[in-house]
Amino acid sequence: MRINSEETVGFEIANIEDYPEDLLSSNHLISGISEGFPPMEDSEVVEAAINTDPETRDPNVFDLSVYGSSLYRIPDYNKTARLLEEYEAESAVVNPEELGPYLEGDILMPQTSVILKNGLVSTATRWPNGIVPYEIGAHFQRRDLQMIRNAIREYHRRTCILFVPRTTEKDYISIVNGKSGCWSSIGRVGGKQEVNLQSPGCLSKPGTAMHELMHVLGFLHEQNRQERDEFVDIKYENVKEAAYENFKKVSPTAAFGVPYDYGSVMHYSPRAFSQNGQPTIVAKNPDGNRIMGQRNGFSHLDIEKINRMYDCYNKNYNDEDLSTTRTPSVRRPGMMGNFFNNLMSRLSPHA
């Protein structure tokens with residue numbers, strides 16, 4: 001997409017809710033499909049690595065040590081910047097966040113932040129009460145701000161997560177527009193942490209901003225779940241050698257009872273990190289190939305995972321909360337309700 005010169009005036013705002021226009025329809029959920037799916041299991045589902053030592057386990061702490069030094073790199077302002085500047089969403093066969101040289105394409109703890117912390121950060125945490133202070137820390141065009149606003153709005157509509165304009169909070173995210181691609185760190189790492197959305201490439205698809213913000217909440221990529229081999233085949237012969245580690249499985253440490261989701265906004269596209277244009281991920285359910293890597297919006301199961309991780313169904317909000325920022329639809333369904341919701345999201349090709 002090319003931007004006309006008269007559209008390049010930058011905006012810097014503290015509260016993105018000042019921009020009421022919607023780019024997206026009121027409902028843009030992407031659902032899974034059911035035929036050929038293995039039975040749902042509650043014991044193997046993984047989203048974020050959490051310490052499993054029964055003596056030290058804290059459900060709010062993510063253990064990032066499994067990634068080692070791969071987390072800590074310098075933003076690439078050269079090759080990645082050029083790839084994103086040339087990115088055309090209409091013709092691209094991969095998502096913009098799959099173009100980076102970072103861990104799994106878009107997971108990054110900038111080395112500058114690490115140096116300031118005097119050492120490597122091996123853990124991250126959940127955001128207390130699901131509240132994430134944020135700022136718009138760079139200039140974005142109006143259209144880009146609207147795309148970010150819609151991503152935040154979907155979290156407010158579908159979950160109990162609340163993004164609030166930062167005032168004096170010590171821990172917060174800063175959404176920036178550096179020429180280094182699409183990237184974020186995992187969970188709350190402390191202090192100011194950047195979420196980079198290079199314009200226009202990283203904001204050419206509605207789901208990319210949602211994807212990066214799910215990383216902020218503590219979620220990993222869908223195809224890196226430990227049980228992924230039951231659902232997809234990784235074609236390493238087609239993967240760039242330097243990207244092999246991007247397909248490493250993460251050991252199970254946190255189970256949310258949510259089945260594997262081909263339609264997740266956190267799933268790679270079929271040709272992510274391909275060296276020859278051939279598929280690197282092939283769904284064992286052939287219909288899954290059609291929806292893997294979609295970036296149109298949350299799937300039903302994405303919403304379920306967020307709400308379970310942050311215990312949204314057990315939270316009670318007063319009328320003022322519900323009428324202003326919280327969604328009244330986030331409540332715990334009964335056992336049959338959970339079963340029905342999961343079944344329907346697997347049966348319906350569209351939400």
# chains A, B, ... in the order shown; residues from 1 in each chain; ligands from 1

call {"tool": "closest_atom_pairs", "arguments": {"of": "stretch 71-113 of chain A", "to": "stretch 189-206 of chain A", "cutoff": "6 Å", "atoms": "only C-alpha atoms", "output": "tab-separated table"}}
result
residue	atom	partner	partner_atom	distance
A:Leu84	CA	A:Gly201	CA	5.1
A:Tyr87	CA	A:Gly201	CA	5.6
A:Pro96	CA	A:Cys202	CA	5.8

call {"tool": "select_by_dssp", "arguments": {"residues": "stretch 131-239 of chain A", "states": "strand (DSSP E)", "output": "VMD selection string"}}
result
chain A and resid 131 to 136 162 to 165 172 to 176 182 to 183 192 to 197 232 to 234

call {"tool": "select_by_dssp", "arguments": {"residues": "stretch 26-252 of chain A", "states": "helix (DSSP H, G or I)", "output": "JSON, numbers by chain"}}
result
{"A": [65, 66, 67, 68, 69, 70, 71, 79, 80, 81, 82, 83, 84, 85, 96, 97, 98, 111, 112, 113, 114, 115, 116, 128, 129, 130, 142, 143, 144, 145, 146, 147, 148, 149, 150, 151, 152, 153, 154, 155, 156, 157, 158, 201, 202, 203, 206, 207, 208, 209, 210, 211, 212, 213, 214, 215, 216, 217, 222, 223, 224, 226, 227, 228, 229, 230, 236, 237, 238, 241, 242, 243, 244, 245, 246, 247]}

call {"tool": "atom_distance", "arguments": {"atom1": "atom CA of A:Ala209", "atom2": "atom CA of A:Asp63"}}
result
24.0 Å

call {"tool": "closest_residue", "arguments": {"among": "A:Arg188, A:His139, A:Lys284, A:His211", "to": "A:Thr125", "atoms": "only C-alpha atoms"}}
result
A:Arg188

call {"tool": "closest_residue", "arguments": {"among": "A:Asn296, A:Ser91, A:Asn314, A:Thr123", "to": "A:Glu154", "atoms": "only C-alpha atoms"}}
result
A:Asn296

call {"tool": "closest_residue", "arguments": {"among": "A:His156, A:Arg308, A:Lys79, A:Arg73", "to": "A:Ser180", "atoms": "only C-alpha atoms"}}
result
A:Lys79

call {"tool": "atom_distance", "arguments": {"atom1": "atom CA of A:Tyr260", "atom2": "atom CA of A:Gly288"}}
result
10.8 Å

call {"tool": "residues_around", "arguments": {"residues": "A:Lys249", "least_positions_apart": "2", "cutoff": "7 Å", "atoms": "only C-alpha atoms", "output": "ChimeraX atom specification"}}
result
/A:224-226,247,251

call {"tool": "write_last_selection", "arguments": {"atoms": "all heavy atoms", "output": "CSV table (one decimal), in the first residue's frame"}}
result
chain,number,residue,atom,x,y,z
A,224,ASN,N,4.0,-23.8,18.2
A,224,ASN,CA,5.1,-24.2,19.0
A,224,ASN,C,4.7,-24.9,20.3
A,224,ASN,O,5.5,-25.3,21.1
A,224,ASN,CB,6.0,-23.0,19.4
A,224,ASN,CG,6.7,-22.3,18.3
A,224,ASN,OD1,6.1,-21.5,17.5
A,224,ASN,ND2,7.9,-22.7,18.0
A,225,ARG,N,3.4,-25.2,20.4
A,225,ARG,CA,2.8,-26.0,21.4
A,225,ARG,C,3.4,-27.4,21.4
A,225,ARG,O,3.7,-27.9,20.3
A,225,ARG,CB,1.3,-26.0,21.4
A,225,ARG,CG,0.7,-24.8,21.8
A,225,ARG,CD,-0.8,-24.6,21.4
A,225,ARG,NE,-1.6,-25.7,21.7
A,225,ARG,CZ,-2.9,-25.7,21.9
A,225,ARG,NH1,-3.5,-24.5,21.7
A,225,ARG,NH2,-3.6,-26.7,22.2
A,226,GLN,N,3.6,-28.0,22.5
A,226,GLN,CA,4.3,-29.3,22.6
A,226,GLN,C,3.5,-30.4,21.8
A,226,GLN,O,4.2,-31.2,21.1
A,226,GLN,CB,4.4,-29.8,24.0
A,226,GLN,CG,5.4,-31.0,24.1
A,226,GLN,CD,5.2,-31.8,25.3
A,226,GLN,OE1,4.0,-32.0,25.7
A,226,GLN,NE2,6.2,-32.5,25.8
A,247,PHE,N,10.9,-23.2,15.1
A,247,PHE,CA,9.9,-24.2,15.1
A,247,PHE,C,10.1,-25.1,16.3
A,247,PHE,O,9.5,-26.2,16.4
A,247,PHE,CB,9.9,-25.0,13.8
A,247,PHE,CG,9.5,-24.2,12.6
A,247,PHE,CD1,10.4,-23.5,11.9
A,247,PHE,CD2,8.2,-24.1,12.2
A,247,PHE,CE1,10.0,-22.7,10.8
A,247,PHE,CE2,7.8,-23.4,11.1
A,247,PHE,CZ,8.7,-22.7,10.4
A,251,SER,N,8.1,-27.0,26.1
A,251,SER,CA,7.6,-28.0,27.1
A,251,SER,C,6.4,-27.6,27.8
A,251,SER,O,6.2,-26.4,28.1
A,251,SER,CB,8.7,-28.3,28.1
A,251,SER,OG,9.9,-28.8,27.5

call {"tool": "atom_distance", "arguments": {"atom1": "atom CA of A:Phe163", "atom2": "atom CA of A:Asn150"}}
result
11.9 Å
